[in-house]
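Take a look at the structure below.
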Amino acid sequence: MDAFAQHEDWPALRVDDWTDTRETLHMWTQIVGKIRLALAPMVNHWWQVPLYVSARGLTTSAMPYHGEVLDIEFDFVDHRLQLRTGTGGRRAIELRPRTVAAFYAEVRGALTALGVDVEILARPVEVERAIPFAEDTEHATYDPAHAHTFWRQLVAADRVLNRFRARFVGKTSPVHFFWGAMDLACTRFSGRTAPPHPGGAPNCADWVMIEGYSHELASAGFWPGGSAEGSFYAYAYPEPVGYSDAVVRPGAAHYDHGIHEFLLPYETVRTSGEPEATVLEFLQTTYEAAADAADWDREHLEIRPVHGRSG
């Protein structure tokens with residue numbers, strides 16, 4: 001138990017304190033995420049592209065390649081990028097300060113050494129300045145303590161989001177890390193189609209967003225923004241009339257009219273007496289606000305508690 005006790009369940013990390021590392025790591029996760037995009041078969045709403053929280057960091061999970069499998073994992077404990085194949089091939093890249101261009105070259109070299117030939121669109125998406133990976137010498141910071149702490153935040157958020165996900169019997173996404181916006185998300189669907197999304201994400205084709213938002217949804221997650229230590233967020237698409245005026249809990253939650261989302265500061269969660277209960281209250285009340293305003297068939301979409309089961 002001592003090994004577990006040394007970790008703080010809900011660690012503090014101010015967004016402004018790790019800007020340089022975050023921006024560099026964002027680009028590194030985009031490189032790995034685009035490899036997953038290239039290798040995995042298309043799944044609705046782009047569910048084949050995210051990364052997943054693992055016991056060491058963030059992983060692609062197993063990706064198919066010519067009858068075999070490859071996985072890539074950011075290990076934020078030993079600070080290495082691990083590349084492994086089902087035939088026993090393995091390469092490791094140390095996570096340390098280096099430019100995105102240098103990191104990209106090392107990843108390409110590791111893939112070549114493993115016999116993996118994959119082409120990607122080698123520039124970032126969903127950012128205002130899309131510097132091609134091979135040319136990006138601007139982002140070059142990696143603080144291992146900050147990366148490790150962010151991963152511990154993701155571990156906590158992943159745990160509570162999966163508890164919330166288990167309450168829904170309708171179509172729901174996995175809890176997954178979208179490297180485009182660098183957020184951990186889980187999305188519920190009503191079963192009805194939605195009007196075409198207007199798009200507008202920077203350096204991202206509108207048809208990408210149209211696919212992602214093809215059906216009516218209520219989404220929630222965590223990202224390192226919106227508040228001093230990051231935020232839990234929730235939104236609905238299409239946003240139903242009255243959603244922004246809904247009373248949600250806890251009291252620190254509020255609707256941000258600039259981004260059309262409810263936000264709950266991570267610091268509020270971290271300092272509460274019951275962090276998981278605080279997040280679950282936010283997730284549940286924002287979901288109910290969306291589902292009730294849009295007249296979802298909640299009777300058939302939600303799991304009712306049964307003996308021996310909780311969530």
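Ordering of the structure tokens sets the chain letters (A, B, ...), residue numbers begin anew at 1 in every chain, and ligands are numbered from 1 in the order given.
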Per DSSP on the backbone, what are the strand (DSSP E or B) residues of stretch 127-256 of chain A, as a VMD selection string? chain A and resid 168 172 176 to 178 183 to 193 215 to 223 228 230 to 237 254 to 256
Would you save the residues from that selection as a short mmCIF file (atom, residue, chain, number, x, y, z; two decimals), in the first residue's frame, using N, CA, C and O atoms?
data_model
loop_
_atom_site.label_atom_id
_atom_site.label_comp_id
_atom_site.auth_asym_id
_atom_site.auth_seq_id
_atom_site.Cartn_x
_atom_site.Cartn_y
_atom_site.Cartn_z
N PHE A 168 -25.20 4.88 -17.82
CA PHE A 168 -25.96 5.13 -19.05
C PHE A 168 -26.01 3.86 -19.89
O PHE A 168 -24.98 3.23 -20.14
N THR A 172 -22.84 5.58 -25.72
CA THR A 172 -21.91 6.47 -25.02
C THR A 172 -20.49 6.17 -25.47
O THR A 172 -20.15 5.02 -25.76
N HIS A 176 -11.96 9.01 -23.23
CA HIS A 176 -10.76 9.05 -24.06
C HIS A 176 -10.18 10.45 -24.15
O HIS A 176 -10.86 11.44 -23.94
N PHE A 177 -8.88 10.49 -24.47
CA PHE A 177 -8.12 11.73 -24.49
C PHE A 177 -7.97 12.19 -25.94
O PHE A 177 -7.27 11.57 -26.74
N PHE A 178 -8.68 13.26 -26.28
CA PHE A 178 -8.59 13.82 -27.63
C PHE A 178 -7.39 14.77 -27.70
O PHE A 178 -7.37 15.81 -27.04
N ASP A 183 -8.02 17.23 -24.29
CA ASP A 183 -8.99 17.07 -23.22
C ASP A 183 -9.42 15.61 -23.09
O ASP A 183 -9.38 14.84 -24.05
N LEU A 184 -9.81 15.24 -21.87
CA LEU A 184 -10.34 13.92 -21.57
C LEU A 184 -11.84 14.03 -21.60
O LEU A 184 -12.43 14.86 -20.88
N ALA A 185 -12.51 13.19 -22.39
CA ALA A 185 -13.94 13.38 -22.63
C ALA A 185 -14.72 12.08 -22.59
O ALA A 185 -14.19 11.00 -22.84
N CYS A 186 -16.02 12.23 -22.28
CA CYS A 186 -16.98 11.14 -22.37
C CYS A 186 -18.29 11.74 -22.86
O CYS A 186 -18.73 12.76 -22.33
N THR A 187 -18.92 11.12 -23.86
CA THR A 187 -20.08 11.71 -24.51
C THR A 187 -21.25 10.74 -24.54
O THR A 187 -21.09 9.57 -24.88
N ARG A 188 -22.42 11.23 -24.18
CA ARG A 188 -23.67 10.45 -24.24
C ARG A 188 -24.50 10.94 -25.42
O ARG A 188 -24.46 12.12 -25.78
N PHE A 189 -25.28 10.03 -26.00
CA PHE A 189 -26.09 10.34 -27.17
C PHE A 189 -27.56 9.99 -26.92
O PHE A 189 -27.86 8.97 -26.30
N SER A 190 -28.45 10.83 -27.46
CA SER A 190 -29.88 10.59 -27.30
C SER A 190 -30.40 9.54 -28.27
O SER A 190 -31.45 8.95 -28.04
N GLY A 191 -29.69 9.34 -29.38
CA GLY A 191 -30.14 8.43 -30.43
C GLY A 191 -30.70 9.16 -31.65
O GLY A 191 -30.97 8.54 -32.68
N ARG A 192 -30.84 10.48 -31.54
CA ARG A 192 -31.36 11.26 -32.66
C ARG A 192 -30.22 11.94 -33.41
O ARG A 192 -29.19 12.26 -32.83
N THR A 193 -30.41 12.18 -34.69
CA THR A 193 -29.42 12.90 -35.48
C THR A 193 -29.44 14.38 -35.11
O THR A 193 -30.41 14.89 -34.52
N HIS A 215 -24.72 13.44 -34.32
CA HIS A 215 -25.88 13.04 -33.54
C HIS A 215 -26.00 13.87 -32.26
O HIS A 215 -24.98 14.34 -31.72
N GLU A 216 -27.21 14.05 -31.81
CA GLU A 216 -27.49 14.83 -30.60
C GLU A 216 -26.74 14.26 -29.40
O GLU A 216 -26.78 13.05 -29.18
N LEU A 217 -26.11 15.13 -28.62
CA LEU A 217 -25.24 14.62 -27.57
C LEU A 217 -25.17 15.55 -26.37
O LEU A 217 -25.53 16.72 -26.42
N ALA A 218 -24.69 14.96 -25.28
CA ALA A 218 -24.30 15.71 -24.08
C ALA A 218 -22.92 15.20 -23.71
O ALA A 218 -22.73 14.01 -23.47
N SER A 219 -21.94 16.10 -23.71
CA SER A 219 -20.55 15.69 -23.51
C SER A 219 -19.99 16.37 -22.27
O SER A 219 -20.41 17.47 -21.88
N ALA A 220 -19.04 15.69 -21.64
CA ALA A 220 -18.40 16.24 -20.45
C ALA A 220 -16.97 15.74 -20.38
O ALA A 220 -16.63 14.71 -20.98
N GLY A 221 -16.14 16.45 -19.63
CA GLY A 221 -14.76 16.01 -19.52
C GLY A 221 -13.92 16.96 -18.69
O GLY A 221 -14.44 17.76 -17.90
N PHE A 222 -12.62 16.85 -18.86
CA PHE A 222 -11.64 17.66 -18.14
C PHE A 222 -10.58 18.14 -19.11
O PHE A 222 -10.14 17.40 -19.99
N TRP A 223 -10.17 19.41 -18.96
CA TRP A 223 -9.05 19.89 -19.77
C TRP A 223 -8.27 20.95 -19.00
O TRP A 223 -8.81 21.59 -18.10
N ALA A 228 -7.89 28.33 -13.09
CA ALA A 228 -6.48 28.42 -12.70
C ALA A 228 -5.78 27.08 -12.73
O ALA A 228 -4.60 26.99 -13.06
N GLY A 230 -7.24 24.26 -14.35
CA GLY A 230 -7.98 23.43 -15.29
C GLY A 230 -9.44 23.34 -14.87
O GLY A 230 -9.83 23.83 -13.80
N SER A 231 -10.25 22.69 -15.71
CA SER A 231 -11.69 22.66 -15.46
C SER A 231 -12.32 21.36 -15.92
O SER A 231 -11.90 20.76 -16.91
N PHE A 232 -13.35 20.98 -15.19
CA PHE A 232 -14.30 20.02 -15.72
C PHE A 232 -15.31 20.83 -16.53
O PHE A 232 -15.65 21.97 -16.16
N TYR A 233 -15.79 20.27 -17.63
CA TYR A 233 -16.69 21.01 -18.51
C TYR A 233 -17.86 20.11 -18.92
O TYR A 233 -17.79 18.88 -18.82
N ALA A 234 -18.91 20.74 -19.41
CA ALA A 234 -20.05 20.00 -19.95
C ALA A 234 -20.75 20.89 -20.97
O ALA A 234 -20.87 22.10 -20.78
N TYR A 235 -21.20 20.29 -22.06
CA TYR A 235 -21.94 21.04 -23.08
C TYR A 235 -22.89 20.09 -23.81
O TYR A 235 -22.80 18.86 -23.67
N ALA A 236 -23.79 20.67 -24.57
CA ALA A 236 -24.75 19.89 -25.35
C ALA A 236 -24.71 20.37 -26.79
O ALA A 236 -24.49 21.56 -27.07
N TYR A 237 -24.89 19.42 -27.72
CA TYR A 237 -25.03 19.80 -29.13
C TYR A 237 -26.16 18.98 -29.76
O TYR A 237 -26.15 17.76 -29.63
N HIS A 254 -20.54 27.13 -13.31
CA HIS A 254 -21.17 28.24 -14.00
C HIS A 254 -21.16 28.00 -15.50
O HIS A 254 -20.36 27.22 -16.01
N TYR A 255 -22.05 28.71 -16.20
CA TYR A 255 -22.10 28.62 -17.66
C TYR A 255 -21.26 29.74 -18.25
O TYR A 255 -21.42 30.91 -17.91
N ASP A 256 -20.32 29.37 -19.14
CA ASP A 256 -19.46 30.33 -19.82
C ASP A 256 -20.07 30.63 -21.19
O ASP A 256 -20.06 29.77 -22.07
#
* Spatial neighbours of A:Thr19, max dist 12 Å, only C-alpha atoms, sep filter under 5 positions, as a ChimeraX atom specification -> /A:13-14,24-26,139-143,146-147,150,224-225,228-230
Show me, as a Markdown table, the residues of stretch 68-147 of chain A having an atom within 10 Å of stretch 39-48 of chain A, each with the closest atom pair and its distance in Å, using only C-alpha atoms.
| residue | atom | partner | partner_atom | distance |
| --- | --- | --- | --- | --- |
| A:Val69 | CA | A:Leu39 | CA | 9.9 |
| A:Leu70 | CA | A:Leu39 | CA | 9.4 |
| A:Val118 | CA | A:Leu39 | CA | 7.6 |
| A:Glu119 | CA | A:Leu39 | CA | 9.3 |
| A:Ile120 | CA | A:Leu39 | CA | 9.6 |
Go through A:Gln82, A:Gln284, A:Ser214, A:Thr149 and flag the residue nearest A:Pro11, using only C-alpha atoms for the distances.
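Result for the nearest residue to A:Pro11: A:Thr149.
Taking atom CA of A:Asp9 as the reference point, atom CA of A:Leu81 is found at 23.9 Å.
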key: Shortest interatomic distance to A:Asp75 - which of A:Thr87, A:Thr99, A:Thr278, A:Thr29, counting only C-alpha atoms   =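 So, comparing all the options, the nearest one is A:Thr29.
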*Go through A:Arg167, A:Arg159, A:Arg91, A:His79 one by one, measure the shortest atom-to-atom distance of each to A:Arg108 using only C-alpha atoms, and give the residue with the smallest value.*
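Among the listed residues, A:Arg91 lies closest to A:Arg108.
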